[in-house]
Structure formats: structure tokens, C-alpha cells
>>> print(open('upload.cif').read())   # mmCIF, C-alpha atoms (C1' of nucleotides)
data_data
loop_
_atom_site.label_atom_id
_atom_site.label_comp_id
_atom_site.auth_asym_id
_atom_site.auth_seq_id
_atom_site.Cartn_x
_atom_site.Cartn_y
_atom_site.Cartn_z
CA MET A 1 -41.54 -18.51 -79.93
CA LEU A 2 -38.02 -17.36 -79.00
CA PRO A 3 -35.06 -16.99 -81.36
CA GLU A 4 -36.94 -18.23 -84.42
CA GLU A 5 -34.91 -21.09 -85.71
CA GLU A 6 -35.17 -20.80 -89.47
CA ILE A 7 -34.55 -23.28 -92.22
CA PRO A 8 -31.34 -22.38 -94.04
CA LYS A 9 -32.08 -21.54 -97.64
CA HIS A 10 -29.00 -20.34 -99.39
CA SER A 11 -27.83 -23.05 -101.73
CA ALA A 12 -29.30 -25.36 -104.30
CA GLU A 13 -30.02 -27.72 -101.44
CA ALA A 14 -32.56 -25.30 -100.00
CA CYS A 15 -35.32 -26.92 -102.01
CA GLN A 16 -34.14 -30.37 -100.98
CA ASN A 17 -34.04 -29.44 -97.30
CA SER A 18 -37.51 -28.02 -97.52
CA ILE A 19 -38.86 -31.19 -99.00
CA SER A 20 -37.13 -33.32 -96.39
CA ALA A 21 -38.64 -31.24 -93.62
CA VAL A 22 -42.09 -31.73 -95.08
CA LYS A 23 -41.50 -35.45 -95.46
CA ASP A 24 -40.24 -35.66 -91.88
CA ALA A 25 -43.31 -33.90 -90.56
CA LEU A 26 -45.57 -36.14 -92.57
CA TYR A 27 -43.86 -39.22 -91.23
CA VAL A 28 -45.45 -38.52 -87.85
CA LEU A 29 -48.65 -36.85 -89.04
CA ASN A 30 -49.52 -39.10 -91.97
CA GLY A 31 -52.92 -40.71 -92.23
CA LYS A 32 -56.52 -39.69 -92.39
CA TRP A 33 -57.03 -39.00 -88.69
CA LYS A 34 -53.83 -37.82 -86.99
CA LEU A 35 -54.29 -34.11 -87.67
CA PRO A 36 -58.05 -34.12 -87.04
CA VAL A 37 -57.44 -35.75 -83.67
CA ILE A 38 -54.84 -33.15 -82.77
CA ALA A 39 -57.15 -30.42 -83.99
CA ALA A 40 -59.89 -31.73 -81.74
CA LEU A 41 -57.60 -31.72 -78.73
CA MET A 42 -56.34 -28.20 -79.42
CA ASP A 43 -59.10 -26.74 -77.27
CA GLY A 44 -58.33 -28.94 -74.30
CA ALA A 45 -58.32 -32.51 -73.03
CA MET A 46 -61.07 -34.85 -74.16
CA ARG A 47 -62.28 -38.31 -73.29
CA PHE A 48 -62.40 -41.22 -75.72
CA ASN A 49 -66.10 -40.95 -76.44
CA GLU A 50 -65.97 -37.19 -76.74
CA LEU A 51 -63.28 -37.59 -79.34
CA GLN A 52 -65.18 -40.22 -81.23
CA HIS A 53 -68.20 -37.99 -81.37
CA ALA A 54 -66.26 -34.87 -82.29
CA LEU A 55 -64.44 -36.58 -85.15
CA GLU A 56 -67.62 -37.88 -86.73
CA GLY A 57 -67.09 -41.06 -88.65
CA ILE A 58 -64.19 -42.72 -86.87
CA THR A 59 -64.73 -46.17 -85.39
CA PRO A 60 -63.52 -47.00 -81.87
CA LYS A 61 -60.95 -49.40 -83.22
CA VAL A 62 -59.39 -46.86 -85.51
CA LEU A 63 -59.52 -44.09 -82.92
CA SER A 64 -57.87 -46.39 -80.43
CA LYS A 65 -55.10 -47.17 -82.85
CA GLU A 66 -54.55 -43.54 -83.79
CA LEU A 67 -54.35 -42.54 -80.15
CA ARG A 68 -51.85 -45.27 -79.38
CA GLU A 69 -49.63 -44.14 -82.20
CA LEU A 70 -49.91 -40.51 -81.18
CA GLU A 71 -49.05 -41.43 -77.62
CA LEU A 72 -46.08 -43.49 -78.76
CA ASN A 73 -44.77 -40.47 -80.65
CA GLU A 74 -45.38 -38.25 -77.64
CA LEU A 75 -47.95 -36.12 -79.40
CA VAL A 76 -50.62 -36.90 -76.81
CA THR A 77 -50.67 -38.05 -73.20
CA ARG A 78 -53.15 -40.51 -71.81
CA GLN A 79 -54.51 -40.30 -68.31
CA VAL A 80 -56.73 -42.88 -66.66
CA PHE A 81 -59.12 -42.04 -63.83
CA ALA A 82 -60.25 -44.93 -61.67
CA THR A 83 -63.88 -43.93 -61.63
CA VAL A 84 -66.70 -46.37 -62.22
CA PRO A 85 -66.81 -46.81 -65.06
CA VAL A 86 -63.29 -45.80 -65.83
CA THR A 87 -62.72 -42.55 -67.74
CA VAL A 88 -59.70 -41.87 -69.90
CA SER A 89 -58.54 -38.41 -70.83
CA TYR A 90 -56.31 -37.48 -73.76
CA GLU A 91 -54.34 -34.28 -73.90
CA LEU A 92 -51.83 -32.64 -76.20
CA THR A 93 -48.18 -32.25 -75.29
CA ASP A 94 -46.17 -29.08 -75.82
CA TYR A 95 -44.69 -30.85 -78.81
CA SER A 96 -48.04 -31.24 -80.55
CA LYS A 97 -49.31 -27.88 -79.33
CA SER A 98 -46.59 -26.38 -81.49
CA LEU A 99 -48.58 -27.68 -84.46
CA ASN A 100 -51.06 -24.92 -83.82
CA SER A 101 -49.93 -22.69 -86.66
CA VAL A 102 -49.93 -25.63 -89.05
CA LEU A 103 -53.49 -26.46 -88.09
CA THR A 104 -54.58 -22.87 -88.25
CA SER A 105 -53.44 -22.44 -91.83
CA LEU A 106 -54.64 -25.88 -92.87
CA ARG A 107 -58.03 -25.24 -91.33
CA LEU A 108 -58.30 -21.89 -93.04
CA TRP A 109 -57.31 -23.38 -96.37
CA GLY A 110 -59.82 -26.18 -96.02
CA TYR A 111 -62.51 -23.70 -95.11
CA GLN A 112 -61.81 -21.22 -97.88
CA HIS A 113 -61.66 -23.91 -100.54
CA ARG A 114 -64.38 -26.21 -99.28
CA GLU A 115 -66.42 -25.79 -102.46
CA HIS A 116 -63.46 -26.79 -104.55
CA ILE A 117 -62.83 -29.78 -102.33
CA ILE A 118 -66.44 -30.86 -102.50
CA ALA A 119 -66.14 -30.69 -106.28
CA SER A 120 -63.19 -33.07 -106.03
CA ARG A 121 -65.29 -35.44 -104.00
CA ARG A 122 -68.00 -35.40 -106.63
CA MET A 123 -65.49 -35.93 -109.40
CA LYS A 124 -64.08 -38.95 -107.63
CA ILE A 125 -67.53 -40.41 -107.25
CA LYS A 126 -68.31 -39.77 -110.90
CA HIS A 127 -64.97 -41.24 -111.85
CA ALA A 128 -65.63 -44.34 -109.80
CA GLY A 129 -69.19 -44.84 -110.98
CA MET B 1 -54.96 -12.02 -99.43
CA LEU B 2 -57.98 -9.71 -99.62
CA PRO B 3 -60.81 -9.49 -97.09
CA GLU B 4 -59.55 -12.36 -94.95
CA GLU B 5 -62.39 -14.79 -94.81
CA GLU B 6 -62.27 -16.21 -91.33
CA ILE B 7 -63.72 -19.34 -89.83
CA PRO B 8 -66.64 -18.45 -87.58
CA LYS B 9 -65.88 -19.48 -84.02
CA HIS B 10 -68.58 -18.31 -81.72
CA SER B 11 -70.69 -21.28 -80.77
CA ALA B 12 -70.17 -24.79 -79.54
CA GLU B 13 -69.97 -25.81 -83.16
CA ALA B 14 -66.76 -23.88 -83.63
CA CYS B 15 -64.71 -26.92 -82.69
CA GLN B 16 -66.75 -29.09 -85.02
CA ASN B 17 -66.33 -26.70 -87.94
CA SER B 18 -62.62 -26.57 -87.34
CA ILE B 19 -62.31 -30.32 -87.45
CA SER B 20 -64.39 -30.53 -90.59
CA ALA B 21 -62.18 -27.98 -92.30
CA VAL B 22 -59.10 -30.01 -91.41
CA LYS B 23 -60.76 -33.19 -92.63
CA ASP B 24 -61.78 -31.49 -95.86
CA ALA B 25 -58.26 -30.25 -96.50
CA LEU B 26 -56.85 -33.68 -95.79
CA TYR B 27 -59.27 -35.26 -98.21
CA VAL B 28 -57.38 -33.63 -101.06
CA LEU B 29 -53.89 -33.66 -99.51
CA ASN B 30 -53.98 -37.14 -98.04
CA GLY B 31 -51.12 -39.54 -98.55
CA LYS B 32 -47.41 -39.68 -98.15
CA TRP B 33 -46.45 -37.67 -101.22
CA LYS B 34 -49.08 -35.02 -102.03
CA LEU B 35 -47.64 -32.27 -99.89
CA PRO B 36 -43.99 -33.06 -100.71
CA VAL B 37 -44.83 -32.85 -104.41
CA ILE B 38 -46.52 -29.50 -103.94
CA ALA B 39 -43.62 -28.32 -101.81
CA ALA B 40 -41.22 -29.26 -104.59
CA LEU B 41 -43.22 -27.31 -107.14
CA MET B 42 -43.46 -24.23 -104.93
CA ASP B 43 -40.27 -22.84 -106.42
CA GLY B 44 -41.49 -23.23 -110.00
CA ALA B 45 -42.41 -25.75 -112.66
CA MET B 46 -40.52 -29.04 -112.84
CA ARG B 47 -40.30 -31.97 -115.20
CA PHE B 48 -41.18 -35.53 -114.25
CA ASN B 49 -37.63 -36.69 -113.76
CA GLU B 50 -36.67 -33.57 -111.87
CA LEU B 51 -39.52 -34.23 -109.50
CA GLN B 52 -38.58 -37.84 -109.04
CA HIS B 53 -35.04 -36.85 -108.19
CA ALA B 54 -36.06 -34.00 -105.89
CA LEU B 55 -38.45 -36.17 -103.92
CA GLU B 56 -35.89 -38.88 -103.28
CA GLY B 57 -37.43 -42.28 -102.83
CA ILE B 58 -40.58 -42.09 -104.90
CA THR B 59 -40.97 -44.58 -107.74
CA PRO B 60 -42.15 -43.49 -111.20
CA LYS B 61 -45.37 -45.39 -110.81
CA VAL B 62 -46.28 -43.71 -107.55
CA LEU B 63 -45.20 -40.29 -108.75
CA SER B 64 -47.27 -40.72 -111.86
CA LYS B 65 -50.29 -41.65 -109.81
CA GLU B 66 -49.86 -38.75 -107.40
CA LEU B 67 -49.52 -36.29 -110.26
CA ARG B 68 -52.63 -37.62 -111.96
CA GLU B 69 -54.62 -37.21 -108.78
CA LEU B 70 -53.25 -33.73 -108.17
CA GLU B 71 -54.09 -32.75 -111.72
CA LEU B 72 -57.60 -34.18 -111.37
CA ASN B 73 -58.12 -32.03 -108.29
CA GLU B 74 -56.71 -29.00 -110.08
CA LEU B 75 -53.76 -28.66 -107.76
CA VAL B 76 -51.24 -28.97 -110.61
CA THR B 77 -51.31 -28.41 -114.35
CA ARG B 78 -49.56 -30.63 -116.86
CA GLN B 79 -47.98 -29.30 -120.01
CA VAL B 80 -46.47 -31.40 -122.78
CA PHE B 81 -43.79 -30.08 -125.12
CA ALA B 82 -43.34 -31.91 -128.39
CA THR B 83 -39.58 -31.96 -128.25
CA VAL B 84 -37.51 -35.06 -128.98
CA PRO B 85 -37.69 -36.73 -126.63
CA VAL B 86 -40.88 -35.29 -125.27
CA THR B 87 -40.70 -33.18 -122.11
CA VAL B 88 -43.55 -32.76 -119.63
CA SER B 89 -43.74 -29.91 -117.20
CA TYR B 90 -45.78 -29.77 -113.99
CA GLU B 91 -46.77 -26.52 -112.35
CA LEU B 92 -48.85 -25.39 -109.41
CA THR B 93 -52.18 -23.63 -109.82
CA ASP B 94 -53.23 -20.57 -107.84
CA TYR B 95 -55.33 -22.95 -105.82
CA SER B 96 -52.35 -24.99 -104.66
CA LYS B 97 -50.11 -21.94 -104.37
CA SER B 98 -52.43 -20.82 -101.63
CA LEU B 99 -51.09 -23.76 -99.63
CA ASN B 100 -47.88 -21.84 -99.17
CA SER B 101 -48.53 -20.82 -95.59
CA VAL B 102 -49.50 -24.38 -94.71
CA LEU B 103 -46.27 -25.68 -96.17
CA THR B 104 -44.21 -22.98 -94.53
CA SER B 105 -45.43 -23.84 -91.07
CA LEU B 106 -45.33 -27.57 -91.68
CA ARG B 107 -41.78 -27.32 -93.00
CA LEU B 108 -40.68 -25.26 -90.04
CA TRP B 109 -42.29 -27.69 -87.63
CA GLY B 110 -40.65 -30.65 -89.31
CA TYR B 111 -37.32 -28.89 -89.24
CA GLN B 112 -37.48 -27.77 -85.63
CA HIS B 113 -38.56 -31.18 -84.39
CA ARG B 114 -36.51 -33.35 -86.70
CA GLU B 115 -34.66 -34.96 -83.77
CA HIS B 116 -37.92 -35.87 -82.12
CA ILE B 117 -39.20 -37.31 -85.39
CA ILE B 118 -36.07 -39.34 -85.92
CA ALA B 119 -36.55 -40.73 -82.43
CA SER B 120 -40.04 -41.84 -83.49
CA ARG B 121 -38.56 -43.59 -86.48
CA ARG B 122 -36.13 -45.44 -84.27
CA MET B 123 -38.85 -46.37 -81.84
CA LYS B 124 -40.96 -47.82 -84.61
CA ILE B 125 -38.04 -49.89 -85.82
CA LYS B 126 -37.34 -51.13 -82.31
CA HIS B 127 -41.01 -51.83 -81.83
CA ALA B 128 -41.14 -53.81 -85.05
CA GLY B 129 -37.97 -55.79 -84.35
"C1'" DC C 1 -67.16 -46.16 -70.71
"C1'" DT C 2 -63.18 -47.61 -72.96
"C1'" DG C 3 -61.51 -50.14 -75.44
"C1'" DC C 4 -59.66 -55.06 -77.51
"C1'" DA C 5 -60.58 -59.27 -80.72
"C1'" DT C 6 -61.75 -60.95 -84.90
"C1'" DC C 7 -62.88 -60.94 -89.64
"C1'" DC C 8 -62.59 -59.03 -93.98
"C1'" DC C 9 -61.96 -56.05 -97.90
"C1'" DT C 10 -59.72 -52.00 -100.09
"C1'" DT C 11 -56.07 -48.92 -100.85
"C1'" DA C 12 -51.24 -47.28 -100.56
"C1'" DG C 13 -47.20 -47.82 -102.08
"C1'" DG C 14 -42.67 -50.29 -103.19
"C1'" DA C 15 -39.68 -53.42 -106.74
"C1'" DT C 16 -38.68 -54.49 -111.14
"C1'" DA C 17 -38.93 -54.54 -115.88
"C1'" DC C 18 -40.42 -52.68 -120.08
"C1'" DT C 19 -42.26 -49.15 -124.04
"C1'" DG C 20 -43.25 -45.01 -127.33
"C1'" DC D 1 -37.70 -38.63 -121.13
"C1'" DA D 2 -41.93 -39.92 -119.28
"C1'" DG D 3 -44.23 -42.89 -118.13
"C1'" DT D 4 -46.95 -48.33 -118.10
"C1'" DA D 5 -47.39 -53.12 -116.75
"C1'" DT D 6 -47.09 -56.52 -113.49
"C1'" DC D 7 -46.60 -58.27 -109.07
"C1'" DC D 8 -46.66 -58.00 -104.29
"C1'" DT D 9 -46.92 -56.72 -99.14
"C1'" DA D 10 -48.28 -53.77 -95.57
"C1'" DA D 11 -51.26 -50.72 -93.89
"C1'" DG D 12 -55.87 -48.49 -93.74
"C1'" DG D 13 -60.16 -48.89 -92.31
"C1'" DG D 14 -65.14 -50.69 -91.63
"C1'" DA D 15 -68.47 -54.18 -89.05
"C1'" DT D 16 -69.61 -56.69 -85.31
"C1'" DG D 17 -69.22 -58.57 -80.91
"C1'" DC D 18 -67.20 -59.04 -76.39
"C1'" DA D 19 -64.70 -57.66 -71.78
"C1'" DG D 20 -62.92 -55.12 -67.62
#
>>> encode(input="upload.cif", output="C-alpha cells")
Amino acid sequence: MLPEEEIPKHSAEACQNSISAVKDALYVLNGKWKLPVIAALMDGAMRFNELQHALEGITPKVLSKELRELELNELVTRQVFATVPVTVSYELTDYSKSLNSVLTSLRLWGYQHREHIIASRRMKIKHAG
Amino acid sequence: MLPEEEIPKHSAEACQNSISAVKDALYVLNGKWKLPVIAALMDGAMRFNELQHALEGITPKVLSKELRELELNELVTRQVFATVPVTVSYELTDYSKSLNSVLTSLRLWGYQHREHIIASRRMKIKHAG
DNA sequence: CTGCATCCCTTAGGATACTG
DNA sequence: CAGTATCCTAAGGGATGCAG
């Protein structure tokens, strides 16, 4: 990780800078599927169908769109193999691999509080019904 | 942090569990503003207008909605003081305070890669134009 | 297998103005 | 100060079917 570039936090703007950094990150990672896709690819390259199966619940259209956006932002690379039928492999870049610590803590949080989250889901359903 | 409850990662389902945990977390944190709001409140309670100013760009209607959702999911508490005019204070719960490590890494990532992210913004504009 | 095309509905979220 | 009300557009996202 090298010289550890830190966020300056000395003035009253520290809070503001922090928020901006979060907003910036979210600009690229926003949406229901971006982080799950990256999480899935953390363990290595995957093909389109593998991804669709691993993500459970995403439709091909949406997955396709997510992958295009991620590729555009250089968070994943796309590689086509001229087999019959064609296979396409998606892989993380160094850029997105650096999201590892984010995903690790997010994953842990989601796991530790899954009961609480499930309660939220129920509440929403009750609220809607 | 106590006995460090870890995510089991031994079988082929490890990857699946990881993805589910990320999806679960995102279920509650989804959207453009949830995490920025929590980030803003990390340094202590804030009033509605303080929040709106700190977040830069959020409208009262959207902020109000985000706060209601966060309160419903027990990520923030809302406290009304019967002053004239009335003041309302929002504060994190222990539950959302445990997102600190998530926000720390996300913030750092956003800060370190801000140039890359800005490039994405430009690309999107060019793509749209 | 890997998508794209089309249709359609829901939700997110911004602008503006107004109220207790 | 702390929101609501109203209006509106863009984006999200599911279903189904087709194509290289």
C-alpha cells in the first residue's frame, strides 16, 4: 500500500472533504449491483453466465448494462474468446481491486447485522402492505 | 469489537455468502445519499439545516425522505427540541456507528482515486453529448 | 453462450414554492 | 427552522423474445 496517502483532516473543512470523498466514490459505485458484481469478481475472472448465477436475481439485461458501465469506468475489463459458442470473461482491474478493503468491511457489516437488515425488509413489506 | 465474528469461507459457498452479505448491506444503504448522510453524522449530531448545508446539493425533500428511511431502519435517531423556532437533531445509533470502518475505507478510496472518478464524470458527459 | 431489442412500470431524485 | 406539496424527468429494473 506504499506511503499511505491520507485525507487531510485539520480544519473545519475536514468533515466537508470526507463527505465529498464518499460522494465521489458513490458516483462510480452507486446502484444496486455495482458492488456485488465487483465482489463476485474479487476471487477471479468470471464469465457472463457465471456472474448471472452468482449474483442471484439479476437479469441478463441489467447485468449487461452494469458490466458496460463498469467497463467504461475502467473497473472491469472484458475479454472475448472466439470459441463456439463465444465465451466472454470479465476481470477486475487494479483500480477496482483496491476496493478490497471497502468490500471486506461492507461484507462483514452486512453479515454481522443480517438479522437487523432482515427486520428492515419485513418492516418495509409491512409498511407497504 | 469483541470476539470478531467472521464470515465463514471454507466451501464453494463462501463466494455466494460474501455476495449475499454485500447485497444485504446495500439493501439498507442503497441510494445516492444514505452513506453521505451517515458520514456527515459520524462526527456528532446535526440539525436538519446543518445536514443540508454539509451535504451540498441535496434538496430538503430528498433529505427529509432519506432521514425518514434511515430512522425507520434504526440507523439514525431523531430528537425534537421545543424551542422557538423548533430545532430537530439527528444522531447516529450504535448500529450505524459500526459502519465507521466501511466509511473510512470508502472515503480513502474516493480520495485516492478522485482524479479517476472525475475522468469518469467527464466521460459520461462526453458520452451524453 | 452472450447478449441486444422492445415494452412497460416503478422508483429516485431534482426544482420550485409554500407552511406551522 | 424544519420540513410538505406539487410537478416533473431520468434512471432503475423486470419480462419476454430474438440474434450472432
>>> closest_atom_pairs(input="upload.cif", of="chain D", to="chain B", cutoff="12 Å", atoms="only C-alpha atoms (C1' of nucleotides)", output="tab-separated table")
residue	atom	partner	partner_atom	distance
D:DC1	C1'	B:Pro85	CA	5.8
D:DA2	C1'	B:Phe48	CA	6.7
D:DG3	C1'	B:Pro60	CA	7.3
D:DT4	C1'	B:Lys61	CA	8.0
D:DA5	C1'	B:Lys61	CA	10.0
D:DT6	C1'	B:Lys61	CA	11.6
D:DG12	C1'	B:Gly31	CA	11.2
>>> residues_around(input="upload.cif", residues="stretch 3-14 of chain C", least_positions_apart="4", cutoff="9 Å", atoms="all atoms listed in the file", output="list in words")
Phe48, Pro60, Lys61 and Ser64 of chain A; Gly31, Lys32, Ile58, Thr59 and Val62 of chain B; DC8, DT9, DA10, DA11, DG12, DG13, DG14, DA15, DT16, DG17, DC18 and DA19 of chain D
>>> write_last_selection(input="upload.cif", atoms="C-alpha atoms (C1' of nucleotides)", output="tab-separated table (two decimals), in the coordinates of the input")
chain	number	residue	atom	x	y	z
A	48	PHE	CA	-62.40	-41.22	-75.72
A	60	PRO	CA	-63.52	-47.00	-81.87
A	61	LYS	CA	-60.95	-49.40	-83.22
A	64	SER	CA	-57.87	-46.39	-80.43
B	31	GLY	CA	-51.12	-39.54	-98.55
B	32	LYS	CA	-47.41	-39.68	-98.15
B	58	ILE	CA	-40.58	-42.09	-104.90
B	59	THR	CA	-40.97	-44.58	-107.74
B	62	VAL	CA	-46.28	-43.71	-107.55
D	8	DC	C1'	-46.66	-58.00	-104.29
D	9	DT	C1'	-46.92	-56.72	-99.14
D	10	DA	C1'	-48.28	-53.77	-95.57
D	11	DA	C1'	-51.26	-50.72	-93.89
D	12	DG	C1'	-55.87	-48.49	-93.74
D	13	DG	C1'	-60.16	-48.89	-92.31
D	14	DG	C1'	-65.14	-50.69	-91.63
D	15	DA	C1'	-68.47	-54.18	-89.05
D	16	DT	C1'	-69.61	-56.69	-85.31
D	17	DG	C1'	-69.22	-58.57	-80.91
D	18	DC	C1'	-67.20	-59.04	-76.39
D	19	DA	C1'	-64.70	-57.66	-71.78
>>> residues_around(input="upload.cif", residues="A:Lys34", least_positions_apart="4", cutoff="10 Å", atoms="all atoms listed in the file", output="MDAnalysis selection string")
chainID A and resid 28:30 38:39 63 66:67 69:70 75
>>> residues_around(input="upload.cif", residues="A:Ala21", least_positions_apart="2", cutoff="7 Å", atoms="only C-alpha atoms (C1' of nucleotides)", output="number ranges by chain")
A: 17-19, 23-25; B: 107, 110-111
>>> closest_residue(input="upload.cif", among="B:Phe81, B:Trp33, B:Tyr95, B:Trp109", to="chain C", atoms="only C-alpha atoms (C1' of nucleotides)")
B:Trp33
>>> closest_residue(input="upload.cif", among="B:His116, B:Val80, B:Glu50, B:Gly57", to="chain C", atoms="only C-alpha atoms (C1' of nucleotides)")
B:Gly57
>>> atom_distance(input="upload.cif", atom1="atom CA of B:Glu115", atom2="atom CA of A:Ser20")
13.0 Å
>>> atom_distance(input="upload.cif", atom1="atom CA of B:Ala40", atom2="atom CA of B:His53")
10.4 Å
>>> atom_distance(input="upload.cif", atom1="atom CA of B:Leu92", atom2="atom CA of B:Arg78")
9.1 Å
>>> residues_near_point(input="upload.cif", point="(-48.7, -23.5, -115.2)", cutoff="9 Å", atoms="only C-alpha atoms (C1' of nucleotides)", output="number ranges by chain")
B: 44-45, 76-79, 89-93
>>> axis_aligned_box(input="upload.cif", around="stretch 23-33 of chain A", padding_each_side="5 Å", output="AutoDock Vina command-line options")
--center_x -48.6 --center_y -37.3 --center_z -91.7 --size_x 26.8 --size_y 16.8 --size_z 17.6
